[in-house]
Amino acid sequence: MSFGERQIVACGLAWRRRPGDEDRAAEKLRRRIRLLPWWGFIVAGSAAFALRWLMPLIILGRPVRFESLRPEEADLLLERLQRVAILPVRGPFLTLKSLVLPVVYGREEKTSAADAETPASLAPLVRSGPGRRWDAVVVGSGAGGSAAAAGLARGGARVLLLEQGRRPSVHRDPAEAVSRYYAASGFSAALGTTLIPIPTGAAVGGTTAVNSGTCMRTPAAMLERWERAGSGGFSKTGFEARLDEAWRLLKVRRAPARTFSRSSRLVLQGLAALGLPPAEPLDRCEDGCEGAGRCCFMCPTDVKMTAAKAFLDPLKHDPRLTVADRTSLASIRPPRKAGEPVSLKVQDLETGQDETIEAGLLVLEPEP
């Protein structure tokens with residue numbers, strides 16, 4: 001084990017603060033480390049060294065290693081590091097956090113009911129044949145792509161939906177779920193004056209497969225501004241009707257109190273103690289949440305709603321819709337003249353084989 005790897009593993013085990021099964025946790029960390037590019041390994045290793053040996057002294061004035069801090073001291077140190085906005089400090093720390101968090105997250109008793117890999121319910125996969133002509137090809141199965149593909153199919157079009165990611169399955173191990181279903185294995189981030197992690201899904205359902213399922217409606221005042229600025233091209237009433245339909249398909253409901261986490265209950269208690277108005281629970285898309293707190297690592301009871309479940313599953317027996325996972329769009333050849341189809345080269349990511357198809361309409365789902 002290299003010096004940098006030892007630092008990361010030691011930090012991860014200390015961060016975990018849960019006795020037992022250290023060898024298994026260390027192996028999970030080593031698997032995550034192997035996913036890093038060389039520069040990411042250097043950044044994470046440097047951050048781990050600083051967290052273990054330097055930050056306790058610099059931030060807390062304690063000349064001890066991170067793993068020797070009392071739990072409340074370690075929490076205070078991590079909280080203060082989380083607030084740092086300076087890129088040379090925040091960037092390495094968040095890289096280390098992205099590496100370690102999936103390994104240290106969760107409690108075994110809340111996930112023991114989940115099998116190691118239980119397939120989630122999705123529309124069936126039927127791969128396209130070479131030279132096939134499609135009325136529409138939709139690239140990307142996230143919130144926009146799934147809704148567009150389903151709408152086109154319901155309207156009578158023969159639709160092929162392409163998705164680079166896998167079909168999501170329930171995983172007991174959060175680190176394995178992140179490696180399988182997150183873009184760049186969970187290391188995506190926006191870089192500017194600071195670094196902001198961007199958890200992006202790489203699975204059927206897109207980012208809706210890995211987010212927390214929180215749903216927020218567009219404020220009425222904003223819709224009214226859009227309507228005024230749209231010069232007749234945007235209808236507030238029409239948009240809200242579409243949103244109502246999406247809410248119905250996604251089974252959006254107010255989060256019940258029985259699913260509140262300990263931190264949520266502490267916030268409510270704090271507001272009450274300060275005499276402040278109570279906070280309102282968020283709306284979430286779920287169909288029987290049990291409060292496992294695993295939304296971002298594949299729901300262990302498979303009840304969190306996703307774009308795939310809401311829009312694709314109702315058409316799972318409809319021959320007009322075909323879903324091809326682990327398939328990417330390799331190239332586009334535009335039509336020579338109006339009315340001709342678009343020629344597309346698609347690649348099966350499992351076999352590496354290419355095939356050419358034609359589409360009367362091409363829909364590209366934007367990247368987040």
# chains A, B, ... in the order shown; residues from 1 in each chain; ligands from 1
>>> select_by_dssp(residues="region 201-344 of chain A", states="helix (DSSP H, G or I)", output="JSON, numbers by chain")
{"A": [206, 207, 208, 209, 220, 221, 222, 223, 224, 225, 226, 227, 228, 229, 236, 237, 238, 239, 240, 241, 242, 243, 244, 245, 246, 247, 248, 249, 250, 257, 258, 259, 262, 263, 264, 265, 266, 267, 268, 269, 270, 271, 272, 273, 295, 296, 297, 307, 308, 309, 310, 311, 312, 313, 314, 315]}
>>> select_by_dssp(residues="region 221-335 of chain A", states="strand (DSSP E)", output="list of chain:residue names")
A:Val252, A:Arg253, A:Arg254, A:Asp283, A:Arg284, A:Cys285, A:Leu321, A:Thr322, A:Val323, A:Ala324, A:Thr327, A:Ser328, A:Leu329, A:Ala330, A:Ser331, A:Ile332, A:Arg333
>>> write_last_selection(atoms="all heavy atoms", output="tab-separated table (two decimals), in the first residue's frame")
chain	number	residue	atom	x	y	z
A	252	VAL	N	-45.88	12.40	-6.09
A	252	VAL	CA	-45.30	13.39	-5.18
A	252	VAL	C	-46.22	13.58	-3.98
A	252	VAL	O	-47.44	13.72	-4.14
A	252	VAL	CB	-45.07	14.73	-5.90
A	252	VAL	CG1	-44.51	15.76	-4.92
A	252	VAL	CG2	-44.11	14.53	-7.07
A	253	ARG	N	-45.64	13.58	-2.79
A	253	ARG	CA	-46.40	13.79	-1.56
A	253	ARG	C	-45.51	14.47	-0.52
A	253	ARG	O	-44.29	14.43	-0.62
A	253	ARG	CB	-46.94	12.47	-1.03
A	253	ARG	CG	-45.85	11.50	-0.57
A	253	ARG	CD	-46.40	10.13	-0.27
A	253	ARG	NE	-46.77	9.42	-1.48
A	253	ARG	CZ	-47.41	8.25	-1.48
A	253	ARG	NH1	-47.77	7.69	-0.34
A	253	ARG	NH2	-47.70	7.65	-2.61
A	254	ARG	N	-46.16	15.05	0.46
A	254	ARG	CA	-45.41	15.67	1.56
A	254	ARG	C	-44.74	14.58	2.39
A	254	ARG	O	-45.37	13.57	2.71
A	254	ARG	CB	-46.37	16.49	2.43
A	254	ARG	CG	-45.75	17.32	3.53
A	254	ARG	CD	-44.80	18.37	3.01
A	254	ARG	NE	-45.31	19.22	1.97
A	254	ARG	CZ	-45.91	20.38	2.19
A	254	ARG	NH1	-46.11	20.81	3.42
A	254	ARG	NH2	-46.32	21.12	1.18
A	283	ASP	N	-41.74	18.19	-0.26
A	283	ASP	CA	-42.46	17.23	-1.10
A	283	ASP	C	-41.44	16.29	-1.72
A	283	ASP	O	-40.38	16.72	-2.19
A	283	ASP	CB	-43.23	17.96	-2.21
A	283	ASP	CG	-44.43	18.71	-1.68
A	283	ASP	OD1	-44.91	18.35	-0.59
A	283	ASP	OD2	-44.88	19.66	-2.35
A	284	ARG	N	-41.79	15.00	-1.76
A	284	ARG	CA	-40.88	14.00	-2.33
A	284	ARG	C	-41.67	13.04	-3.21
A	284	ARG	O	-42.85	12.80	-2.98
A	284	ARG	CB	-40.15	13.21	-1.24
A	284	ARG	CG	-39.24	14.08	-0.38
A	284	ARG	CD	-38.42	13.24	0.58
A	284	ARG	NE	-37.55	12.32	-0.14
A	284	ARG	CZ	-37.72	11.00	-0.18
A	284	ARG	NH1	-38.72	10.43	0.45
A	284	ARG	NH2	-36.87	10.23	-0.84
A	285	CYS	N	-40.99	12.49	-4.22
A	285	CYS	CA	-41.63	11.50	-5.09
A	285	CYS	C	-41.29	10.11	-4.57
A	285	CYS	O	-40.16	9.65	-4.68
A	285	CYS	CB	-41.19	11.68	-6.54
A	285	CYS	SG	-39.42	11.71	-6.82
A	321	LEU	N	-42.22	1.77	-27.69
A	321	LEU	CA	-41.09	2.30	-26.94
A	321	LEU	C	-40.04	1.23	-26.70
A	321	LEU	O	-40.35	0.15	-26.18
A	321	LEU	CB	-41.55	2.86	-25.58
A	321	LEU	CG	-40.43	3.36	-24.65
A	321	LEU	CD1	-39.70	4.54	-25.29
A	321	LEU	CD2	-40.99	3.75	-23.29
A	322	THR	N	-38.80	1.51	-27.10
A	322	THR	CA	-37.69	0.60	-26.88
A	322	THR	C	-36.62	1.33	-26.07
A	322	THR	O	-36.24	2.46	-26.40
A	322	THR	CB	-37.08	0.15	-28.22
A	322	THR	OG1	-38.05	-0.57	-28.95
A	322	THR	CG2	-35.86	-0.74	-28.00
A	323	VAL	N	-36.17	0.73	-24.99
A	323	VAL	CA	-35.14	1.32	-24.12
A	323	VAL	C	-33.85	0.52	-24.29
A	323	VAL	O	-33.85	-0.70	-24.11
A	323	VAL	CB	-35.57	1.31	-22.64
A	323	VAL	CG1	-34.49	1.94	-21.77
A	323	VAL	CG2	-36.89	2.04	-22.47
A	324	ALA	N	-32.77	1.20	-24.64
A	324	ALA	CA	-31.47	0.54	-24.81
A	324	ALA	C	-30.48	1.13	-23.82
A	324	ALA	O	-30.02	2.26	-23.99
A	324	ALA	CB	-30.96	0.70	-26.24
A	327	THR	N	-25.81	2.04	-23.98
A	327	THR	CA	-25.72	2.35	-25.40
A	327	THR	C	-25.50	3.85	-25.55
A	327	THR	O	-26.18	4.64	-24.91
A	327	THR	CB	-27.00	1.94	-26.15
A	327	THR	OG1	-27.29	0.57	-25.89
A	327	THR	CG2	-26.85	2.14	-27.65
A	328	SER	N	-24.54	4.23	-26.38
A	328	SER	CA	-24.23	5.65	-26.53
A	328	SER	C	-24.38	6.08	-27.99
A	328	SER	O	-24.31	5.26	-28.91
A	328	SER	CB	-22.81	5.96	-26.05
A	328	SER	OG	-21.86	5.37	-26.92
A	329	LEU	N	-24.57	7.37	-28.17
A	329	LEU	CA	-24.62	7.97	-29.50
A	329	LEU	C	-23.19	8.32	-29.90
A	329	LEU	O	-22.55	9.17	-29.29
A	329	LEU	CB	-25.51	9.21	-29.48
A	329	LEU	CG	-25.60	10.01	-30.77
A	329	LEU	CD1	-26.21	9.16	-31.89
A	329	LEU	CD2	-26.41	11.28	-30.55
A	330	ALA	N	-22.68	7.66	-30.93
A	330	ALA	CA	-21.29	7.85	-31.35
A	330	ALA	C	-21.14	9.01	-32.33
A	330	ALA	O	-20.17	9.77	-32.26
A	330	ALA	CB	-20.74	6.56	-31.95
A	331	SER	N	-22.07	9.15	-33.28
A	331	SER	CA	-21.96	10.23	-34.26
A	331	SER	C	-23.33	10.51	-34.88
A	331	SER	O	-24.24	9.68	-34.82
A	331	SER	CB	-20.96	9.86	-35.36
A	331	SER	OG	-21.40	8.74	-36.10
A	332	ILE	N	-23.44	11.71	-35.46
A	332	ILE	CA	-24.67	12.16	-36.11
A	332	ILE	C	-24.33	12.63	-37.52
A	332	ILE	O	-23.40	13.42	-37.71
A	332	ILE	CB	-25.33	13.32	-35.34
A	332	ILE	CG1	-25.61	12.94	-33.88
A	332	ILE	CG2	-26.62	13.77	-36.02
A	332	ILE	CD1	-26.08	14.12	-33.04
A	333	ARG	N	-25.07	12.16	-38.51
A	333	ARG	CA	-24.93	12.68	-39.87
A	333	ARG	C	-26.23	13.38	-40.23
A	333	ARG	O	-27.27	12.72	-40.42
A	333	ARG	CB	-24.64	11.57	-40.87
A	333	ARG	CG	-24.22	12.10	-42.25
A	333	ARG	CD	-23.90	10.97	-43.19
A	333	ARG	NE	-25.11	10.26	-43.58
A	333	ARG	CZ	-25.12	9.13	-44.26
A	333	ARG	NH1	-23.96	8.55	-44.58
A	333	ARG	NH2	-26.25	8.54	-44.58
>>> atom_distance(atom1="CA of Ser179 (chain A)", atom2="CA of Ala147 (chain A)")
26.0 Å
>>> residues_around(residues="region 342-357 of chain A", least_positions_apart="5", cutoff="10 Å", atoms="only C-alpha atoms", output="NGL selection string")
:A and (127-134 or 136-137 or 162 or 164-165 or 324-336 or 362)
>>> residues_around(residues="Gly213 (chain A)", least_positions_apart="2", cutoff="12 Å", atoms="only C-alpha atoms", output="count of residues only")
35
>>> closest_residue(among="A:Gly192, A:Pro197, A:Pro168, A:Gly61", to="Leu94 (chain A)", atoms="only C-alpha atoms")
A:Pro197
>>> residues_around(residues="Gly91 (chain A)", least_positions_apart="5", cutoff="9 Å", atoms="only C-alpha atoms", output="number ranges by chain")
A: 43, 47, 85-86, 96, 191, 194-196
>>> write_last_selection(atoms="N, CA, C and O atoms", output="PDB file, in the first residue's frame")
ATOM      1  N   VAL A  43      -4.349  14.567  -5.085  1.00  0.00           N
ATOM      2  CA  VAL A  43      -5.147  15.562  -4.344  1.00  0.00           C
ATOM      3  C   VAL A  43      -5.762  14.939  -3.092  1.00  0.00           C
ATOM      4  O   VAL A  43      -5.681  15.497  -1.995  1.00  0.00           O
ATOM      5  N   ALA A  47      -4.884  15.708   0.823  1.00  0.00           N
ATOM      6  CA  ALA A  47      -5.932  16.155   1.746  1.00  0.00           C
ATOM      7  C   ALA A  47      -5.998  15.247   2.967  1.00  0.00           C
ATOM      8  O   ALA A  47      -6.190  15.718   4.102  1.00  0.00           O
ATOM      9  N   ALA A  85     -14.225  28.233   1.740  1.00  0.00           N
ATOM     10  CA  ALA A  85     -14.546  28.431   0.322  1.00  0.00           C
ATOM     11  C   ALA A  85     -13.297  28.580  -0.535  1.00  0.00           C
ATOM     12  O   ALA A  85     -13.392  28.622  -1.756  1.00  0.00           O
ATOM     13  N   ILE A  86     -12.124  28.670   0.076  1.00  0.00           N
ATOM     14  CA  ILE A  86     -10.883  28.859  -0.683  1.00  0.00           C
ATOM     15  C   ILE A  86     -10.578  27.584  -1.462  1.00  0.00           C
ATOM     16  O   ILE A  86     -10.462  26.502  -0.883  1.00  0.00           O
ATOM     17  N   LEU A  96     -11.545  14.324  -1.157  1.00  0.00           N
ATOM     18  CA  LEU A  96     -11.418  13.276  -0.142  1.00  0.00           C
ATOM     19  C   LEU A  96     -12.789  12.865   0.386  1.00  0.00           C
ATOM     20  O   LEU A  96     -13.077  11.674   0.553  1.00  0.00           O
ATOM     21  N   LEU A 191     -15.993  23.659 -11.198  1.00  0.00           N
ATOM     22  CA  LEU A 191     -14.758  24.278 -10.727  1.00  0.00           C
ATOM     23  C   LEU A 191     -14.733  25.737 -11.151  1.00  0.00           C
ATOM     24  O   LEU A 191     -14.954  26.061 -12.318  1.00  0.00           O
ATOM     25  N   THR A 194     -14.337  28.297  -6.429  1.00  0.00           N
ATOM     26  CA  THR A 194     -14.374  27.234  -5.435  1.00  0.00           C
ATOM     27  C   THR A 194     -14.736  25.941  -6.158  1.00  0.00           C
ATOM     28  O   THR A 194     -14.783  25.908  -7.385  1.00  0.00           O
ATOM     29  N   LEU A 195     -14.943  24.870  -5.429  1.00  0.00           N
ATOM     30  CA  LEU A 195     -15.301  23.588  -6.024  1.00  0.00           C
ATOM     31  C   LEU A 195     -16.619  23.128  -5.433  1.00  0.00           C
ATOM     32  O   LEU A 195     -16.787  23.105  -4.215  1.00  0.00           O
ATOM     33  N   ILE A 196     -17.574  22.795  -6.315  1.00  0.00           N
ATOM     34  CA  ILE A 196     -18.894  22.365  -5.868  1.00  0.00           C
ATOM     35  C   ILE A 196     -19.167  20.983  -6.445  1.00  0.00           C
ATOM     36  O   ILE A 196     -19.250  20.839  -7.672  1.00  0.00           O
TER      37      ILE A 196
END
>>> residues_around(residues="Pro71 (chain A)", least_positions_apart="2", cutoff="12 Å", atoms="only C-alpha atoms", output="PyMOL selection string")
chain A and resi 14-18+66-69+73-78
>>> write_last_selection(atoms="N, CA and C atoms", output="JSON list (two decimals), in the first residue's frame")
[["chain", "number", "residue", "atom", "x", "y", "z"],
["A", 14, "ALA", "N", -11.21, 6.47, 10.35],
["A", 14, "ALA", "CA", -11.45, 7.38, 11.47],
["A", 14, "ALA", "C", -12.76, 8.14, 11.26],
["A", 15, "TRP", "N", -13.02, 8.52, 10.04],
["A", 15, "TRP", "CA", -14.25, 9.24, 9.69],
["A", 15, "TRP", "C", -15.46, 8.35, 9.95],
["A", 16, "ARG", "N", -15.28, 7.06, 9.68],
["A", 16, "ARG", "CA", -16.37, 6.09, 9.82],
["A", 16, "ARG", "C", -16.84, 5.97, 11.27],
["A", 17, "ARG", "N", -15.90, 5.93, 12.19],
["A", 17, "ARG", "CA", -16.20, 5.88, 13.63],
["A", 17, "ARG", "C", -17.23, 4.82, 13.98],
["A", 18, "ARG", "N", -17.09, 3.66, 13.37],
["A", 18, "ARG", "CA", -18.00, 2.56, 13.70],
["A", 18, "ARG", "C", -17.15, 1.31, 13.87],
["A", 66, "PHE", "N", -5.97, 13.13, 13.52],
["A", 66, "PHE", "CA", -7.42, 13.21, 13.36],
["A", 66, "PHE", "C", -8.13, 12.06, 14.06],
["A", 67, "GLU", "N", -7.60, 10.85, 13.91],
["A", 67, "GLU", "CA", -8.26, 9.69, 14.51],
["A", 67, "GLU", "C", -8.17, 9.66, 16.02],
["A", 68, "SER", "N", -7.34, 10.54, 16.60],
["A", 68, "SER", "CA", -7.22, 10.60, 18.06],
["A", 68, "SER", "C", -8.14, 11.66, 18.68],
["A", 69, "LEU", "N", -8.81, 12.43, 17.84],
["A", 69, "LEU", "CA", -9.73, 13.44, 18.36],
["A", 69, "LEU", "C", -10.97, 12.80, 18.97],
["A", 73, "GLU", "N", -14.88, 16.77, 18.80],
["A", 73, "GLU", "CA", -13.80, 17.56, 18.19],
["A", 73, "GLU", "C", -13.69, 17.26, 16.70],
["A", 74, "ALA", "N", -13.79, 16.00, 16.33],
["A", 74, "ALA", "CA", -13.73, 15.62, 14.91],
["A", 74, "ALA", "C", -14.88, 16.25, 14.14],
["A", 75, "ASP", "N", -16.08, 16.25, 14.74],
["A", 75, "ASP", "CA", -17.23, 16.86, 14.08],
["A", 75, "ASP", "C", -17.01, 18.36, 13.87],
["A", 76, "LEU", "N", -16.46, 19.03, 14.87],
["A", 76, "LEU", "CA", -16.21, 20.46, 14.77],
["A", 76, "LEU", "C", -15.18, 20.75, 13.68],
["A", 77, "LEU", "N", -14.14, 19.93, 13.61],
["A", 77, "LEU", "CA", -13.11, 20.11, 12.59],
["A", 77, "LEU", "C", -13.70, 19.94, 11.19],
["A", 78, "LEU", "N", -14.50, 18.90, 10.98],
["A", 78, "LEU", "CA", -15.09, 18.66, 9.67],
["A", 78, "LEU", "C", -16.09, 19.75, 9.31]]
>>> closest_residue(among="A:Glu224, A:Thr237, A:Gly288, A:Pro366", to="Arg258 (chain A)", atoms="only C-alpha atoms")
A:Gly288
>>> residues_around(residues="Gln269 (chain A)", least_positions_apart="6", cutoff="10 Å", atoms="only C-alpha atoms", output="compact mmCIF listing (two decimals) with all heavy atoms, in the first residue's frame")
# COMPACT_ATOMS: atom_id res chain seq x y z
N SER A 263 -31.53 14.33 12.43
CA SER A 263 -31.14 15.74 12.25
C SER A 263 -32.36 16.60 11.94
O SER A 263 -32.47 17.74 12.42
CB SER A 263 -30.10 15.86 11.13
OG SER A 263 -30.60 15.33 9.92
N GLY A 275 -38.85 29.55 19.59
CA GLY A 275 -40.10 30.25 19.35
C GLY A 275 -40.29 30.66 17.90
O GLY A 275 -41.06 31.59 17.61
N PRO A 278 -42.55 26.70 12.72
CA PRO A 278 -42.04 25.37 12.35
C PRO A 278 -41.73 25.28 10.87
O PRO A 278 -42.37 25.93 10.04
CB PRO A 278 -43.19 24.44 12.74
CG PRO A 278 -44.41 25.30 12.68
CD PRO A 278 -43.97 26.67 13.11
>>> atom_distance(atom1="CA of Gly291 (chain A)", atom2="CA of Ala273 (chain A)")
25.0 Å
>>> closest_residue(among="A:Arg262, A:Arg225, A:Arg154, A:Arg167", to="Phe311 (chain A)", atoms="only C-alpha atoms")
A:Arg154
>>> decode(residues="region 15-44 of chain A", atoms="N, CA and C atoms", output="PDB file, in the first residue's frame")
ATOM      1  N   TRP A  15     -13.022   8.524  10.036  1.00  0.00           N
ATOM      2  CA  TRP A  15     -14.255   9.238   9.690  1.00  0.00           C
ATOM      3  C   TRP A  15     -15.458   8.346   9.952  1.00  0.00           C
ATOM      4  N   ARG A  16     -15.281   7.062   9.678  1.00  0.00           N
ATOM      5  CA  ARG A  16     -16.369   6.090   9.821  1.00  0.00           C
ATOM      6  C   ARG A  16     -16.839   5.970  11.266  1.00  0.00           C
ATOM      7  N   ARG A  17     -15.900   5.929  12.187  1.00  0.00           N
ATOM      8  CA  ARG A  17     -16.198   5.884  13.626  1.00  0.00           C
ATOM      9  C   ARG A  17     -17.227   4.816  13.980  1.00  0.00           C
ATOM     10  N   ARG A  18     -17.095   3.655  13.373  1.00  0.00           N
ATOM     11  CA  ARG A  18     -18.001   2.562  13.703  1.00  0.00           C
ATOM     12  C   ARG A  18     -17.154   1.310  13.871  1.00  0.00           C
ATOM     13  N   PRO A  19     -17.092   0.738  15.055  1.00  0.00           N
ATOM     14  CA  PRO A  19     -16.209  -0.401  15.279  1.00  0.00           C
ATOM     15  C   PRO A  19     -16.657  -1.631  14.514  1.00  0.00           C
ATOM     16  N   GLY A  20     -15.697  -2.476  14.168  1.00  0.00           N
ATOM     17  CA  GLY A  20     -15.992  -3.743  13.509  1.00  0.00           C
ATOM     18  C   GLY A  20     -15.901  -3.655  12.003  1.00  0.00           C
ATOM     19  N   ASP A  21     -15.435  -4.740  11.405  1.00  0.00           N
ATOM     20  CA  ASP A  21     -15.385  -4.874   9.947  1.00  0.00           C
ATOM     21  C   ASP A  21     -14.495  -3.822   9.298  1.00  0.00           C
ATOM     22  N   GLU A  22     -13.395  -3.457   9.972  1.00  0.00           N
ATOM     23  CA  GLU A  22     -12.483  -2.467   9.404  1.00  0.00           C
ATOM     24  C   GLU A  22     -11.831  -2.965   8.120  1.00  0.00           C
ATOM     25  N   ASP A  23     -11.538  -4.260   8.043  1.00  0.00           N
ATOM     26  CA  ASP A  23     -10.888  -4.789   6.843  1.00  0.00           C
ATOM     27  C   ASP A  23     -11.793  -4.615   5.625  1.00  0.00           C
ATOM     28  N   ARG A  24     -13.079  -4.880   5.793  1.00  0.00           N
ATOM     29  CA  ARG A  24     -14.018  -4.738   4.675  1.00  0.00           C
ATOM     30  C   ARG A  24     -14.136  -3.274   4.255  1.00  0.00           C
ATOM     31  N   ALA A  25     -14.208  -2.370   5.238  1.00  0.00           N
ATOM     32  CA  ALA A  25     -14.295  -0.943   4.929  1.00  0.00           C
ATOM     33  C   ALA A  25     -13.029  -0.468   4.226  1.00  0.00           C
ATOM     34  N   ALA A  26     -11.877  -0.953   4.674  1.00  0.00           N
ATOM     35  CA  ALA A  26     -10.612  -0.563   4.044  1.00  0.00           C
ATOM     36  C   ALA A  26     -10.554  -1.048   2.601  1.00  0.00           C
ATOM     37  N   GLU A  27     -11.057  -2.236   2.337  1.00  0.00           N
ATOM     38  CA  GLU A  27     -11.060  -2.757   0.967  1.00  0.00           C
ATOM     39  C   GLU A  27     -11.992  -1.940   0.078  1.00  0.00           C
ATOM     40  N   LYS A  28     -13.140  -1.517   0.616  1.00  0.00           N
ATOM     41  CA  LYS A  28     -14.030  -0.643  -0.144  1.00  0.00           C
ATOM     42  C   LYS A  28     -13.322   0.654  -0.523  1.00  0.00           C
ATOM     43  N   LEU A  29     -12.601   1.215   0.448  1.00  0.00           N
ATOM     44  CA  LEU A  29     -11.861   2.451   0.175  1.00  0.00           C
ATOM     45  C   LEU A  29     -10.817   2.236  -0.900  1.00  0.00           C
ATOM     46  N   ARG A  30     -10.103   1.129  -0.831  1.00  0.00           N
ATOM     47  CA  ARG A  30      -9.070   0.867  -1.837  1.00  0.00           C
ATOM     48  C   ARG A  30      -9.681   0.725  -3.228  1.00  0.00           C
ATOM     49  N   ARG A  31     -10.892   0.119  -3.308  1.00  0.00           N
ATOM     50  CA  ARG A  31     -11.559   0.013  -4.603  1.00  0.00           C
ATOM     51  C   ARG A  31     -11.932   1.393  -5.127  1.00  0.00           C
ATOM     52  N   ARG A  32     -12.394   2.269  -4.238  1.00  0.00           N
ATOM     53  CA  ARG A  32     -12.723   3.632  -4.653  1.00  0.00           C
ATOM     54  C   ARG A  32     -11.470   4.379  -5.091  1.00  0.00           C
ATOM     55  N   ILE A  33     -10.379   4.173  -4.384  1.00  0.00           N
ATOM     56  CA  ILE A  33      -9.129   4.855  -4.725  1.00  0.00           C
ATOM     57  C   ILE A  33      -8.678   4.486  -6.137  1.00  0.00           C
ATOM     58  N   ARG A  34      -8.863   3.227  -6.505  1.00  0.00           N
ATOM     59  CA  ARG A  34      -8.425   2.783  -7.834  1.00  0.00           C
ATOM     60  C   ARG A  34      -9.218   3.425  -8.964  1.00  0.00           C
ATOM     61  N   LEU A  35     -10.376   4.012  -8.653  1.00  0.00           N
ATOM     62  CA  LEU A  35     -11.170   4.697  -9.667  1.00  0.00           C
ATOM     63  C   LEU A  35     -10.662   6.107  -9.960  1.00  0.00           C
ATOM     64  N   LEU A  36      -9.808   6.633  -9.089  1.00  0.00           N
ATOM     65  CA  LEU A  36      -9.328   8.004  -9.239  1.00  0.00           C
ATOM     66  C   LEU A  36      -8.283   8.116 -10.344  1.00  0.00           C
ATOM     67  N   PRO A  37      -8.306   9.224 -11.113  1.00  0.00           N
ATOM     68  CA  PRO A  37      -7.162   9.512 -11.982  1.00  0.00           C
ATOM     69  C   PRO A  37      -5.947   9.833 -11.131  1.00  0.00           C
ATOM     70  N   TRP A  38      -4.768   9.816 -11.736  1.00  0.00           N
ATOM     71  CA  TRP A  38      -3.541   9.997 -10.946  1.00  0.00           C
ATOM     72  C   TRP A  38      -3.546  11.319 -10.191  1.00  0.00           C
ATOM     73  N   TRP A  39      -4.057  12.382 -10.854  1.00  0.00           N
ATOM     74  CA  TRP A  39      -4.051  13.678 -10.186  1.00  0.00           C
ATOM     75  C   TRP A  39      -5.053  13.702  -9.031  1.00  0.00           C
ATOM     76  N   GLY A  40      -6.191  12.977  -9.203  1.00  0.00           N
ATOM     77  CA  GLY A  40      -7.171  12.898  -8.126  1.00  0.00           C
ATOM     78  C   GLY A  40      -6.623  12.162  -6.917  1.00  0.00           C
ATOM     79  N   PHE A  41      -5.813  11.127  -7.187  1.00  0.00           N
ATOM     80  CA  PHE A  41      -5.187  10.384  -6.090  1.00  0.00           C
ATOM     81  C   PHE A  41      -4.224  11.276  -5.316  1.00  0.00           C
ATOM     82  N   ILE A  42      -3.455  12.094  -6.050  1.00  0.00           N
ATOM     83  CA  ILE A  42      -2.512  13.006  -5.379  1.00  0.00           C
ATOM     84  C   ILE A  42      -3.266  14.022  -4.527  1.00  0.00           C
ATOM     85  N   VAL A  43      -4.349  14.567  -5.085  1.00  0.00           N
ATOM     86  CA  VAL A  43      -5.147  15.562  -4.344  1.00  0.00           C
ATOM     87  C   VAL A  43      -5.762  14.939  -3.092  1.00  0.00           C
ATOM     88  N   ALA A  44      -6.389  13.755  -3.250  1.00  0.00           N
ATOM     89  CA  ALA A  44      -7.034  13.104  -2.109  1.00  0.00           C
ATOM     90  C   ALA A  44      -6.016  12.667  -1.072  1.00  0.00           C
TER      91      ALA A  44
END
